[in-house]
>>> print(open('query37.txt').read())   # compact mmCIF, C-alpha atoms
# COMPACT_ATOMS: atom_id res chain seq x y z
CA MET Z 759 0.67 38.28 -9.61
CA THR Z 760 -0.12 34.80 -8.33
CA THR Z 761 -2.18 32.20 -10.16
CA GLN Z 762 -3.06 28.58 -9.66
CA ASP Z 763 -1.38 26.58 -12.39
CA PRO Z 764 -4.01 25.94 -15.11
CA THR Z 765 -2.52 22.54 -15.91
CA HIS Z 766 -2.40 21.46 -12.29
CA SER Z 767 -3.93 18.15 -11.36
CA THR Z 768 -3.21 15.78 -8.52
CA PRO Z 769 0.37 14.66 -9.10
CA PRO Z 770 1.53 11.09 -8.66
CA PRO Z 771 3.12 10.42 -5.27
CA GLU Z 772 6.67 10.54 -6.67
CA ALA Z 773 6.22 13.88 -8.49
CA ALA Z 774 7.50 17.00 -6.75
CA ARG Z 775 4.95 19.80 -6.45
CA ALA Z 776 6.61 22.96 -7.79
CA ILE Z 777 5.83 26.66 -7.55
CA LEU Z 778 7.05 28.58 -10.60
CA VAL Z 779 8.42 32.10 -10.20
CA GLY Z 780 9.23 34.66 -12.90
CA VAL Z 781 10.50 38.20 -12.39
CA ASP Z 782 10.13 40.90 -15.01
CA LEU Z 783 13.26 43.05 -14.68
CA GLY Z 784 12.55 45.19 -17.73
CA ARG Z 785 15.71 46.50 -19.37
CA GLY Z 786 14.89 44.59 -22.54
CA GLU Z 787 15.60 41.22 -20.93
CA ALA Z 788 13.68 38.16 -22.11
CA PHE Z 789 10.66 37.46 -19.95
CA ASP Z 790 7.78 35.01 -20.32
CA PRO Z 791 4.78 36.35 -18.39
CA THR Z 792 2.92 33.06 -18.81
CA LEU Z 793 5.81 30.91 -17.51
CA ASP Z 794 4.61 28.26 -19.97
CA GLU Z 795 8.11 27.25 -21.02
CA LEU Z 796 9.26 26.98 -17.39
CA ALA Z 797 6.22 24.76 -16.75
CA LEU Z 798 7.26 22.51 -19.66
CA LEU Z 799 10.79 22.34 -18.27
CA ALA Z 800 9.44 21.42 -14.83
CA GLU Z 801 7.24 18.70 -16.29
CA SER Z 802 10.15 17.39 -18.37
CA ALA Z 803 12.15 17.11 -15.13
CA GLY Z 804 9.34 15.14 -13.49
CA ASP Z 805 7.84 17.96 -11.40
CA THR Z 806 4.21 19.07 -11.29
CA PRO Z 807 3.61 22.86 -11.35
CA VAL Z 808 0.92 23.81 -8.83
CA ALA Z 809 1.13 27.62 -8.95
CA ARG Z 810 2.78 30.45 -10.88
CA VAL Z 811 4.03 33.70 -9.39
CA VAL Z 812 4.97 36.69 -11.54
CA ALA Z 813 6.62 39.77 -10.06
CA LYS Z 814 8.07 42.98 -11.45
CA ARG Z 815 11.19 44.67 -10.12
CA LYS Z 816 13.61 47.30 -11.35
CA ALA Z 817 16.51 45.18 -10.16
CA PRO Z 818 16.97 41.84 -8.37
CA ASP Z 819 17.09 41.94 -4.59
CA ALA Z 820 20.68 41.19 -3.55
CA ALA Z 821 19.64 38.77 -0.82
CA LEU Z 822 16.39 37.14 -1.97
CA PHE Z 823 16.18 38.10 -5.67
CA ILE Z 824 12.43 38.74 -5.37
CA GLY Z 825 12.48 40.82 -2.18
CA SER Z 826 11.31 39.91 1.32
CA GLY Z 827 7.63 40.73 0.74
CA LYS Z 828 7.25 38.44 -2.27
CA ALA Z 829 9.36 35.79 -0.53
CA ASP Z 830 6.92 35.83 2.41
CA GLU Z 831 4.04 35.44 -0.04
CA ILE Z 832 5.67 32.44 -1.69
CA LYS Z 833 6.43 30.90 1.71
CA LEU Z 834 2.72 30.96 2.57
CA MET Z 835 1.94 29.36 -0.80
CA VAL Z 836 4.49 26.61 -0.17
CA GLN Z 837 2.78 25.79 3.10
CA ALA Z 838 -0.77 26.06 1.73
CA LEU Z 839 -0.15 23.97 -1.40
CA GLY Z 840 2.28 21.49 0.12
CA ALA Z 841 4.92 22.41 -2.45
CA HIS Z 842 8.23 20.57 -2.45
CA THR Z 843 10.31 23.01 -4.49
CA VAL Z 844 10.36 26.53 -5.96
CA LEU Z 845 11.65 27.04 -9.50
CA PHE Z 846 12.85 30.39 -10.87
CA ASP Z 847 12.74 31.30 -14.56
CA GLN Z 848 15.86 33.45 -14.20
CA ALA Z 849 19.36 32.57 -13.06
CA ILE Z 850 19.92 33.27 -9.36
CA SER Z 851 23.22 33.57 -7.54
CA PRO Z 852 24.48 30.94 -5.08
CA ALA Z 853 23.93 33.35 -2.18
CA GLN Z 854 20.37 34.12 -3.30
CA GLN Z 855 19.64 30.42 -3.66
CA ARG Z 856 20.94 29.70 -0.15
CA ASN Z 857 18.97 32.58 1.36
CA LEU Z 858 15.77 31.59 -0.42
CA GLU Z 859 16.04 27.98 0.72
CA ARG Z 860 16.48 29.08 4.32
CA HIS Z 861 13.55 31.50 4.04
CA LEU Z 862 11.14 29.20 2.18
CA GLY Z 863 12.12 25.94 3.83
CA VAL Z 864 12.20 23.98 0.53
CA PRO Z 865 14.82 23.43 -2.19
CA VAL Z 866 15.14 26.23 -4.75
CA ALA Z 867 16.43 25.87 -8.30
CA ASP Z 868 16.80 28.21 -11.25
CA ARG Z 869 16.29 27.68 -14.96
CA THR Z 870 19.89 26.61 -15.53
CA ALA Z 871 19.75 23.90 -12.85
CA LEU Z 872 16.48 22.62 -14.28
CA ILE Z 873 17.91 22.35 -17.80
CA LEU Z 874 20.97 20.54 -16.47
CA GLU Z 875 18.76 18.10 -14.57
CA ILE Z 876 16.81 17.29 -17.73
CA PHE Z 877 20.01 16.85 -19.73
CA ALA Z 878 21.39 14.48 -17.08
CA ALA Z 879 18.24 12.34 -17.24
CA ARG Z 880 18.14 12.24 -21.07
CA ALA Z 881 21.79 11.66 -21.97
CA GLN Z 882 22.22 8.14 -23.36
CA SER Z 883 25.60 7.93 -25.10
CA PHE Z 884 28.99 7.92 -23.41
CA GLU Z 885 29.75 11.26 -25.03
CA GLY Z 886 26.44 12.80 -23.97
CA LYS Z 887 26.88 11.73 -20.37
CA LEU Z 888 30.38 13.20 -20.28
CA GLN Z 889 29.17 16.49 -21.69
CA VAL Z 890 26.32 16.76 -19.18
CA GLU Z 891 28.57 15.87 -16.27
CA LEU Z 892 31.05 18.55 -17.33
CA ALA Z 893 28.32 21.21 -17.48
CA ARG Z 894 26.88 20.17 -14.10
CA LEU Z 895 30.28 20.22 -12.41
CA GLN Z 896 31.05 23.66 -13.83
CA TYR Z 897 27.69 24.87 -12.51
CA LEU Z 898 28.25 23.26 -9.11
CA ALA Z 899 31.74 24.75 -8.80
CA THR Z 900 30.21 28.24 -8.61
CA ARG Z 901 27.80 27.19 -5.83
CA LEU Z 902 30.19 25.99 -3.12
CA VAL Z 903 29.43 29.00 -0.96
CA ARG Z 904 28.80 27.47 2.47
CA ARG Z 905 25.53 25.99 1.33
CA TRP Z 906 25.97 23.08 3.71
CA SER Z 907 27.11 23.41 7.31
CA HIS Z 908 29.84 20.76 6.91
CA LEU Z 909 31.69 23.07 4.53
CA GLU Z 910 32.75 25.26 7.44
CA ARG Z 911 34.33 22.44 9.47
CA GLN Z 912 38.10 22.11 9.61
CA SER Z 913 39.78 18.90 8.54
CA GLY Z 914 43.34 17.77 8.74
CA GLY Z 915 45.76 15.47 10.48
CA ILE Z 916 47.79 12.41 9.58
CA GLY Z 917 46.66 10.86 6.30
CA MET Z 918 44.24 13.66 5.48
CA ARG Z 919 44.54 15.15 1.99
CA GLY Z 920 45.33 18.82 1.88
CA GLY Z 921 47.11 19.19 5.19
CA PRO Z 922 45.96 20.57 8.55
CA GLY Z 923 43.40 23.30 8.55
CA GLU Z 924 42.20 23.00 4.97
CA ARG Z 925 38.47 23.57 4.86
CA GLN Z 926 36.08 21.00 3.44
CA ILE Z 927 34.90 23.50 0.84
CA GLU Z 928 38.42 23.69 -0.57
CA LEU Z 929 38.64 19.90 -0.75
CA ASP Z 930 35.31 19.74 -2.56
CA ARG Z 931 36.38 22.44 -5.00
CA ARG Z 932 39.68 20.67 -5.68
CA MET Z 933 37.89 17.37 -6.35
CA ILE Z 934 35.50 19.10 -8.75
CA ASP Z 935 38.36 20.84 -10.56
CA ASP Z 936 40.23 17.54 -10.94
CA ARG Z 937 37.13 15.85 -12.32
CA ILE Z 938 36.51 18.72 -14.76
CA LYS Z 939 40.06 18.41 -16.10
CA SER Z 940 39.65 14.65 -16.51
CA ILE Z 941 36.35 14.99 -18.40
CA LYS Z 942 37.76 17.69 -20.69
CA GLU Z 943 40.62 15.40 -21.65
CA ARG Z 944 38.22 12.56 -22.43
CA LEU Z 945 36.02 14.89 -24.48
CA LYS Z 946 39.04 15.99 -26.51
CA LYS Z 947 39.46 12.37 -27.59
CA VAL Z 948 35.78 12.24 -28.54
CA GLN Z 949 36.14 15.43 -30.57
CA LYS Z 950 39.11 13.93 -32.41
CA GLN Z 951 37.08 10.83 -33.24
CA ARG Z 952 34.20 12.95 -34.55
CA ALA Z 953 36.62 15.11 -36.54
CA THR Z 954 38.04 11.95 -38.13
CA GLN Z 955 34.53 10.79 -39.08
CA ARG Z 956 33.70 14.19 -40.58
CA ARG Z 957 36.93 14.23 -42.60
CA ALA Z 958 36.11 10.76 -43.92
CA ARG Z 959 32.66 11.95 -45.04
CA ALA Z 960 34.26 15.02 -46.63
CA ARG Z 961 36.78 12.86 -48.54
CA ASN Z 962 33.92 10.74 -49.81
CA GLY Z 963 32.19 13.86 -51.04
CA VAL Z 964 29.16 13.33 -48.83
CA PHE Z 965 26.91 16.39 -48.64
CA ARG Z 966 26.18 17.05 -44.94
CA VAL Z 967 22.80 18.30 -43.75
CA SER Z 968 22.03 19.05 -40.08
CA LEU Z 969 18.72 19.67 -38.36
CA VAL Z 970 18.76 22.58 -35.93
CA GLY Z 971 16.00 24.40 -34.11
CA TYR Z 972 14.30 25.22 -30.86
CA THR Z 973 13.63 22.29 -28.57
CA ASN Z 974 10.34 20.45 -29.24
CA ALA Z 975 10.02 21.95 -32.74
CA GLY Z 976 9.77 18.41 -34.13
CA LYS Z 977 13.34 17.84 -35.36
CA SER Z 978 13.48 14.16 -34.42
CA THR Z 979 10.03 13.50 -35.88
CA LEU Z 980 11.16 15.13 -39.13
CA PHE Z 981 14.43 13.17 -39.02
CA ASN Z 982 12.52 9.89 -38.69
CA ALA Z 983 10.06 10.84 -41.43
CA LEU Z 984 12.83 11.68 -43.90
CA THR Z 985 15.19 8.78 -43.17
CA LYS Z 986 12.73 6.09 -41.97
CA ALA Z 987 14.85 5.89 -38.83
CA LYS Z 988 13.57 5.17 -35.34
CA ALA Z 989 15.29 7.88 -33.34
CA TYR Z 990 13.52 8.71 -30.09
CA ALA Z 991 10.92 11.43 -30.58
CA ALA Z 992 8.45 12.69 -27.98
CA ASN Z 993 6.33 15.72 -27.14
CA GLN Z 994 8.76 16.99 -24.54
CA LEU Z 995 11.66 19.38 -24.21
CA PHE Z 996 15.11 17.98 -25.03
CA ALA Z 997 13.85 14.56 -26.10
CA THR Z 998 17.09 14.23 -28.11
CA LEU Z 999 20.55 15.02 -26.76
CA ASP Z 1000 22.82 12.70 -28.71
CA THR Z 1001 23.54 13.39 -32.37
CA THR Z 1002 22.18 10.76 -34.75
CA THR Z 1003 23.30 10.61 -38.39
CA ARG Z 1004 21.61 8.62 -41.17
CA SER Z 1005 21.79 8.49 -44.95
CA LEU Z 1006 19.01 10.28 -46.86
CA TYR Z 1007 18.52 9.34 -50.51
CA LEU Z 1008 17.42 12.19 -52.77
CA GLU Z 1009 15.82 10.90 -55.95
CA GLU Z 1010 16.02 14.35 -57.57
CA ALA Z 1011 19.79 14.40 -57.15
CA GLY Z 1012 20.31 10.68 -57.75
CA THR Z 1013 22.50 10.40 -54.66
CA SER Z 1014 22.44 10.33 -50.86
CA VAL Z 1015 23.31 12.93 -48.25
CA SER Z 1016 24.07 12.52 -44.56
CA LEU Z 1017 21.37 13.93 -42.29
CA SER Z 1018 22.15 14.64 -38.61
CA ASP Z 1019 19.69 15.30 -35.79
CA THR Z 1020 21.20 17.54 -33.11
CA VAL Z 1021 20.26 18.75 -29.64
CA GLY Z 1022 17.58 21.44 -29.52
CA PHE Z 1023 18.15 25.00 -28.35
CA ILE Z 1024 16.22 26.97 -25.76
CA ARG Z 1025 16.07 30.52 -24.41
CA ASP Z 1026 18.89 31.32 -21.97
CA LEU Z 1027 20.68 28.07 -22.78
CA PRO Z 1028 23.68 28.27 -20.40
CA HIS Z 1029 26.92 29.18 -22.13
CA LYS Z 1030 28.74 26.44 -20.22
CA LEU Z 1031 26.23 23.93 -21.59
CA VAL Z 1032 26.84 25.11 -25.15
CA GLU Z 1033 30.56 24.87 -24.47
CA ALA Z 1034 30.24 21.37 -22.98
CA PHE Z 1035 28.21 20.17 -25.98
CA LYS Z 1036 30.70 21.60 -28.46
CA ALA Z 1037 31.52 18.15 -29.83
CA THR Z 1038 27.84 17.45 -30.52
CA LEU Z 1039 27.05 20.90 -31.90
CA GLN Z 1040 30.09 20.72 -34.17
CA GLU Z 1041 27.97 18.56 -36.49
CA ALA Z 1042 25.90 21.66 -37.21
CA ALA Z 1043 28.93 23.93 -37.52
CA ASP Z 1044 30.52 21.61 -40.11
CA ALA Z 1045 27.36 21.02 -42.17
CA ASP Z 1046 26.94 22.09 -45.78
CA LEU Z 1047 23.27 22.91 -45.21
CA LEU Z 1048 21.12 23.56 -42.12
CA LEU Z 1049 17.44 22.70 -41.90
CA HIS Z 1050 16.23 25.24 -39.34
CA VAL Z 1051 13.10 23.54 -37.98
CA VAL Z 1052 10.49 25.96 -36.58
CA ASP Z 1053 7.33 25.14 -34.63
CA ALA Z 1054 4.77 26.83 -36.87
CA ALA Z 1055 2.10 26.46 -34.17
CA SER Z 1056 4.12 28.28 -31.50
CA PRO Z 1057 2.81 31.70 -30.44
CA VAL Z 1058 6.41 32.81 -29.77
CA LEU Z 1059 8.15 31.45 -32.85
CA SER Z 1060 9.88 34.80 -33.54
CA GLU Z 1061 11.68 34.69 -30.19
CA GLN Z 1062 12.52 31.02 -30.68
CA MET Z 1063 14.04 31.67 -34.11
CA GLU Z 1064 16.13 34.53 -32.73
CA GLU Z 1065 17.46 32.25 -29.97
CA VAL Z 1066 18.46 29.61 -32.52
CA GLU Z 1067 20.27 32.26 -34.56
CA ARG Z 1068 22.10 33.39 -31.42
CA VAL Z 1069 23.35 29.88 -30.62
CA LEU Z 1070 24.32 29.26 -34.24
CA ALA Z 1071 26.46 32.40 -34.08
CA GLU Z 1072 27.99 31.20 -30.82
CA ILE Z 1073 29.13 27.91 -32.39
CA GLY Z 1074 30.26 29.56 -35.63
CA ALA Z 1075 27.46 28.18 -37.82
CA GLN Z 1076 25.72 31.44 -38.74
CA HIS Z 1077 27.26 31.51 -42.23
CA ILE Z 1078 25.98 28.08 -43.33
CA PRO Z 1079 23.11 28.09 -45.90
CA GLN Z 1080 19.70 27.44 -44.36
CA ILE Z 1081 16.28 26.19 -45.30
CA LEU Z 1082 13.56 27.32 -42.91
CA VAL Z 1083 11.30 24.33 -42.27
CA TYR Z 1084 8.06 25.43 -40.60
CA ASN Z 1085 6.85 22.19 -39.02
CA LYS Z 1086 3.54 21.17 -37.38
CA LEU Z 1087 1.41 22.43 -40.23
CA ASP Z 1088 -1.20 19.90 -39.10
CA LEU Z 1089 -1.72 21.82 -35.85
CA LEU Z 1090 -2.87 24.96 -37.62
CA GLU Z 1091 -6.56 25.65 -38.08
CA PRO Z 1092 -7.71 25.77 -41.73
CA THR Z 1093 -7.98 29.57 -41.55
CA GLN Z 1094 -4.40 29.78 -40.24
CA ARG Z 1095 -2.78 27.72 -42.96
CA PRO Z 1096 -0.69 29.67 -45.49
CA ARG Z 1097 -1.98 29.96 -49.04
CA GLN Z 1098 1.26 28.57 -50.43
CA LEU Z 1099 3.58 26.14 -48.69
CA GLN Z 1100 6.83 27.49 -50.16
CA ASP Z 1101 8.16 31.02 -50.20
CA TRP Z 1102 11.13 33.21 -49.33
CA LEU Z 1103 11.86 34.95 -46.03
CA THR Z 1104 14.19 37.78 -45.13
CA ARG Z 1105 16.61 36.75 -42.38
CA ILE Z 1106 16.70 39.00 -39.35
CA GLY Z 1107 19.53 40.10 -37.09
CA GLY Z 1108 23.28 39.49 -37.09
CA GLU Z 1109 25.73 39.97 -39.91
CA HIS Z 1110 23.44 38.08 -42.29
CA GLY Z 1111 20.40 40.25 -41.67
CA GLY Z 1112 18.56 40.94 -44.92
CA GLN Z 1113 19.59 37.67 -46.55
CA ARG Z 1114 16.66 35.87 -48.19
CA LEU Z 1115 16.13 32.25 -47.19
CA PRO Z 1116 13.87 29.61 -48.74
CA ARG Z 1117 11.03 28.54 -46.45
CA ILE Z 1118 8.72 25.54 -46.60
CA PHE Z 1119 5.76 24.48 -44.46
CA VAL Z 1120 5.57 20.77 -43.62
CA SER Z 1121 3.94 18.33 -41.24
CA ALA Z 1122 6.51 15.74 -40.22
CA ALA Z 1123 3.83 13.83 -38.33
CA GLN Z 1124 1.50 13.64 -41.35
CA GLY Z 1125 4.15 13.53 -44.10
CA GLU Z 1126 2.85 16.66 -45.82
CA GLY Z 1127 5.44 18.67 -47.74
CA LEU Z 1128 8.29 16.16 -47.31
CA ASP Z 1129 8.70 15.43 -51.03
CA GLU Z 1130 8.97 19.16 -51.70
CA LEU Z 1131 11.54 19.47 -48.90
CA ARG Z 1132 13.66 16.71 -50.44
CA ALA Z 1133 13.52 18.50 -53.78
CA MET Z 1134 14.60 21.75 -52.15
CA ILE Z 1135 17.58 20.03 -50.47
CA ALA Z 1136 18.58 18.45 -53.79
CA SER Z 1137 18.38 21.82 -55.51
CA LEU Z 1138 20.69 23.50 -53.00
CA MET Z 1139 23.02 20.48 -52.97
CA GLN Z 1140 23.49 20.83 -56.72
CA ALA Z 1141 24.36 24.51 -56.25
CA GLU Z 1142 21.37 25.60 -58.27
CA PRO Z 1143 19.16 28.50 -57.31
CA VAL Z 1144 16.13 27.35 -55.34
CA PRO Z 1145 13.22 27.50 -57.79
CA GLU Z 1146 11.01 30.58 -57.73
CA TYR Z 1147 7.84 28.85 -56.65
CA ALA Z 1148 4.59 29.50 -58.43
CA GLY Z 1149 3.06 32.82 -57.54
CA LEU Z 1150 6.17 34.17 -55.80
CA ALA Z 1151 8.24 35.83 -58.48
CA GLY Z 1152 5.88 36.16 -61.41
CA GLU Z 1153 4.00 39.22 -62.52
CA GLY Z 1154 0.31 39.46 -61.88
CA ASN Z 1155 0.45 37.75 -58.49
CA ASP Z 1156 -2.94 37.87 -56.79
CA VAL Z 1157 -1.41 38.65 -53.40
CA ASP Z 1158 -1.95 42.31 -52.68
CA ASP Z 1159 0.18 44.75 -50.69
CA ASP Z 1160 -2.16 44.78 -47.72
CA ASP Z 1161 -1.78 41.04 -47.34
CA ALA Z 1162 1.98 41.28 -47.72
CA ASP Z 1163 2.22 43.67 -44.79
CA ASP Z 1164 0.67 41.07 -42.48
CA HIS Z 1165 3.94 39.33 -41.64
CA GLY Z 1166 5.89 39.19 -38.42
CA ALA Z 1167 9.61 39.80 -38.11
CA SER Z 1168 10.32 36.10 -38.33
CA GLY Z 1169 8.12 35.62 -41.37
CA ASN Z 1170 4.97 34.44 -39.63
CA PRO Z 1171 1.85 34.36 -41.74
CA ALA Z 1172 -0.36 37.04 -40.29
CA SER Z 1173 -2.63 34.49 -38.68
CA PHE Z 1174 0.21 33.63 -36.32
CA ASP Z 1175 0.47 37.11 -34.82
CA GLY Z 1176 -2.21 39.25 -36.39
CA GLU Z 1177 0.17 42.23 -36.52
CA ALA Z 1178 2.73 43.53 -38.97
CA ASP Z 1179 6.35 44.27 -38.17
CA GLU Z 1180 7.93 47.09 -40.12
CA ASP Z 1181 11.42 45.62 -39.80
CA ILE Z 1182 10.62 42.80 -42.19
CA GLY Z 1183 11.81 43.10 -45.77
CA LEU Z 1184 9.37 40.80 -47.51
CA ASN Z 1185 7.97 41.84 -50.85
CA ALA Z 1186 4.39 41.79 -52.02
CA GLN Z 1187 5.12 38.56 -53.87
CA ASP Z 1188 5.71 36.70 -50.63
CA LEU Z 1189 3.28 34.42 -48.88
CA ALA Z 1190 0.30 36.15 -47.28
CA GLN Z 1191 -2.77 35.21 -45.33
CA PRO Z 1192 -5.56 37.39 -43.95
CA ALA Z 1193 -5.05 38.21 -40.31
CA ASP Z 1194 -6.93 36.27 -37.66
CA ASP Z 1195 -7.66 37.32 -34.13
CA PRO Z 1196 -4.55 36.47 -32.06
CA GLN Z 1197 -6.85 35.11 -29.38
CA ASP Z 1198 -7.89 32.35 -31.77
CA HIS Z 1199 -4.35 30.98 -31.89
CA PRO Z 1200 -3.79 27.85 -29.84
CA GLN Z 1201 -1.43 28.92 -27.05
CA GLY Z 1202 1.43 26.64 -26.20
CA ARG Z 1203 0.10 23.83 -28.34
CA THR Z 1204 2.76 21.28 -29.30
CA GLY Z 1205 2.92 18.06 -31.14
>>> encode(input="query37.txt", output="structure tokens")
Amino acid sequence: MTTQDPTHSTPPPEAARAILVGVDLGRGEAFDPTLDELALLAESAGDTPVARVVAKRKAPDAALFIGSGKADEIKLMVQALGAHTVLFDQAISPAQQRNLERHLGVPVADRTALILEIFAARAQSFEGKLQVELARLQYLATRLVRRWSHLERQSGGIGMRGGPGERQIELDRRMIDDRIKSIKERLKKVQKQRATQRRARARNGVFRVSLVGYTNAGKSTLFNALTKAKAYAANQLFATLDTTTRSLYLEEAGTSVSLSDTVGFIRDLPHKLVEAFKATLQEAADADLLLHVVDAASPVLSEQMEEVERVLAEIGAQHIPQILVYNKLDLLEPTQRPRQLQDWLTRIGGEHGGQRLPRIFVSAAQGEGLDELRAMIASLMQAEPVPEYAGLAGEGNDVDDDDADDHGASGNPASFDGEADEDIGLNAQDLAQPADDPQDHPQGRTG
């Protein structure tokens, strides 16, 4: 299926016109038929999507990933629309990338390359730049497969590194390997410095809270609202890469905690990127409490929450207590707003599936619900049970069983999805809202 990009307008002269391609391979693999997230990634990288192509295959084509017929179709689109690049929502092999570029006549990149490009543009600190460079070099090392003609030339002779007959590709690979080793050594020093800082906070008895969540869920906006800081926040993917830590005073507890804003997660976040950002993500792994920030206005918040849980497990932070903070309450229509802004939610998946977590709805942009969030943090900090909020645990609750069934697997009020999920373990006392037509939900709306 081919569609003109609905957000397409005449791009500025410096913006690359991009055709987005997604392939549904079935087999239970994640697939976004709208390609909305890929479009956001492209825009974050400075490209302008001009068309979207969706195909369905049982398996990737070994040579062209999408097959020769679909490749011919995309080639005609490139020529007709004056596209400068083609972006794939799935990871493609080095050989497939090379073949596609030869066939289409324009550069081709996959989701991983796009994420790395955004990270490289956004990294500000010395540590962040090192981490991004490490991930990019590790990605590049797998792509030295005769992509350029000079890689097949022989080099050698007096004064030439590597001796007679060593191919240029081997020299390039050796240079990359040496650089990777150097960066890893420098990052080890950074990790030691961070570990020293964390031990100092632990000795001082500082309670550590970290913000985690899907990218563009509003973590940095919430961080600024809670701490009165001025960390960079924008309506874009991966606006924040470098960890920022500030003191947050909790009047209810009569003391301060340290609050850290960390890099956001995204579907199919490359493992090498998670590995490279280990020093940054360690702030979350060493926290006493995680504020899992969720975009309450997202039509795919269930999938986003599952991806965050997956990455938390990968960095060893799945056991840390959580508060689910459903942000962007201000973007919900009045009929979509929950009846109560605090409730409990049954955690899904993993070894902690079935665990009940406190949840709160807030608007970081408008300041709604922030006082209640501070009180909830103070309550958990003091090792007290989170209060059973009015109407949740008492007898005679006016929420009926039919309403209680209208929840999604990630605890969406029914107006988010309009359908129930039988895997959820919420009780009739939990938050409920009459179901709205899913078509009324603002698709892809962010703030």
>>> residues_around(input="query37.txt", residues="Ala849 in chain Z", least_positions_apart="2", cutoff="7 Å", atoms="only C-alpha atoms", output="PyMOL selection string")
chain Z and resi 847+851+868-870
>>> atom_distance(input="query37.txt", atom1="CA of Gln1113 in chain Z", atom2="CA of Glu1033 in chain Z")
27.8 Å
>>> closest_residue(input="query37.txt", among="Z:Thr1013, Z:Val964, Z:Val1120, Z:Asp1000", to="Asp1046 in chain Z", atoms="all atoms listed in the file")
Z:Val964
>>> axis_aligned_box(input="query37.txt", around="range 969-983 of chain Z", padding_each_side="8 Å", output="AutoDock Vina command-line options")
--center_x 14.3 --center_y 17.6 --center_z -35.0 --size_x 25.0 --size_y 31.3 --size_z 28.9
>>> residues_around(input="query37.txt", residues="range 820-828 of chain Z", least_positions_apart="2", cutoff="9 Å", atoms="all atoms listed in the file", output="ChimeraX atom specification")
/Z:781,813-815,817-818,830-833,850-851,853-858,861
>>> write_last_selection(input="query37.txt", atoms="C-alpha atoms", output="short mmCIF file (atom, residue, chain, number, x, y, z; two decimals), in the coordinates of the input")
data_model
loop_
_atom_site.label_atom_id
_atom_site.label_comp_id
_atom_site.auth_asym_id
_atom_site.auth_seq_id
_atom_site.Cartn_x
_atom_site.Cartn_y
_atom_site.Cartn_z
CA VAL Z 781 10.50 38.20 -12.39
CA ALA Z 813 6.62 39.77 -10.06
CA LYS Z 814 8.07 42.98 -11.45
CA ARG Z 815 11.19 44.67 -10.12
CA ALA Z 817 16.51 45.18 -10.16
CA PRO Z 818 16.97 41.84 -8.37
CA ASP Z 830 6.92 35.83 2.41
CA GLU Z 831 4.04 35.44 -0.04
CA ILE Z 832 5.67 32.44 -1.69
CA LYS Z 833 6.43 30.90 1.71
CA ILE Z 850 19.92 33.27 -9.36
CA SER Z 851 23.22 33.57 -7.54
CA ALA Z 853 23.93 33.35 -2.18
CA GLN Z 854 20.37 34.12 -3.30
CA GLN Z 855 19.64 30.42 -3.66
CA ARG Z 856 20.94 29.70 -0.15
CA ASN Z 857 18.97 32.58 1.36
CA LEU Z 858 15.77 31.59 -0.42
CA HIS Z 861 13.55 31.50 4.04
#
>>> atom_distance(input="query37.txt", atom1="CA of Glu1126 in chain Z", atom2="CA of Asp1088 in chain Z")
8.5 Å
>>> closest_residue(input="query37.txt", among="Z:Ser968, Z:Gln889, Z:Thr1020, Z:Thr1104", to="Pro1116 in chain Z", atoms="only C-alpha atoms")
Z:Thr1104
>>> closest_residue(input="query37.txt", among="Z:Thr979, Z:Ala788, Z:Ala1045, Z:Ile1024", to="Gln1124 in chain Z", atoms="all atoms listed in the file")
Z:Thr979
>>> closest_residue(input="query37.txt", among="Z:His1050, Z:Ile777, Z:Ala960, Z:Leu1087", to="Gly1125 in chain Z", atoms="all atoms listed in the file")
Z:Leu1087
>>> closest_residue(input="query37.txt", among="Z:Glu787, Z:Glu1010, Z:Asp805, Z:Glu1130", to="Val844 in chain Z", atoms="all atoms listed in the file")
Z:Asp805
>>> closest_residue(input="query37.txt", among="Z:Leu980, Z:Ala800, Z:Leu1099, Z:Val1069", to="Ala1123 in chain Z", atoms="only C-alpha atoms")
Z:Leu980
>>> residues_around(input="query37.txt", residues="Glu943 in chain Z", least_positions_apart="6", cutoff="12 Å", atoms="all atoms listed in the file", output="PyMOL selection string")
chain Z and resi 888-889+892+936-937+949-950
>>> atom_distance(input="query37.txt", atom1="CA of Leu1039 in chain Z", atom2="CA of Leu1138 in chain Z")
22.2 Å
>>> residues_near_point(input="query37.txt", point="(11.0, 26.2, -40.7)", cutoff="10 Å", atoms="only C-alpha atoms", output="list in words")
Val970, Gly971, Ala975, Leu1049, His1050, Val1051, Val1052, Asp1053, Ala1054, Leu1059, Met1063, Gln1080, Ile1081, Leu1082, Val1083, Tyr1084, Asn1085, Lys1086, Pro1116, Arg1117, Ile1118, Phe1119, Val1120 and Gly1169 of chain Z
>>> residues_around(input="query37.txt", residues="Thr1001 in chain Z", least_positions_apart="5", cutoff="8 Å", atoms="only C-alpha atoms", output="PyMOL selection string")
chain Z and resi 1018-1021+1038+1041
>>> residues_around(input="query37.txt", residues="Thr973 in chain Z", least_positions_apart="6", cutoff="7 Å", atoms="only C-alpha atoms", output="ChimeraX atom specification")
/Z:995-996,1022-1024
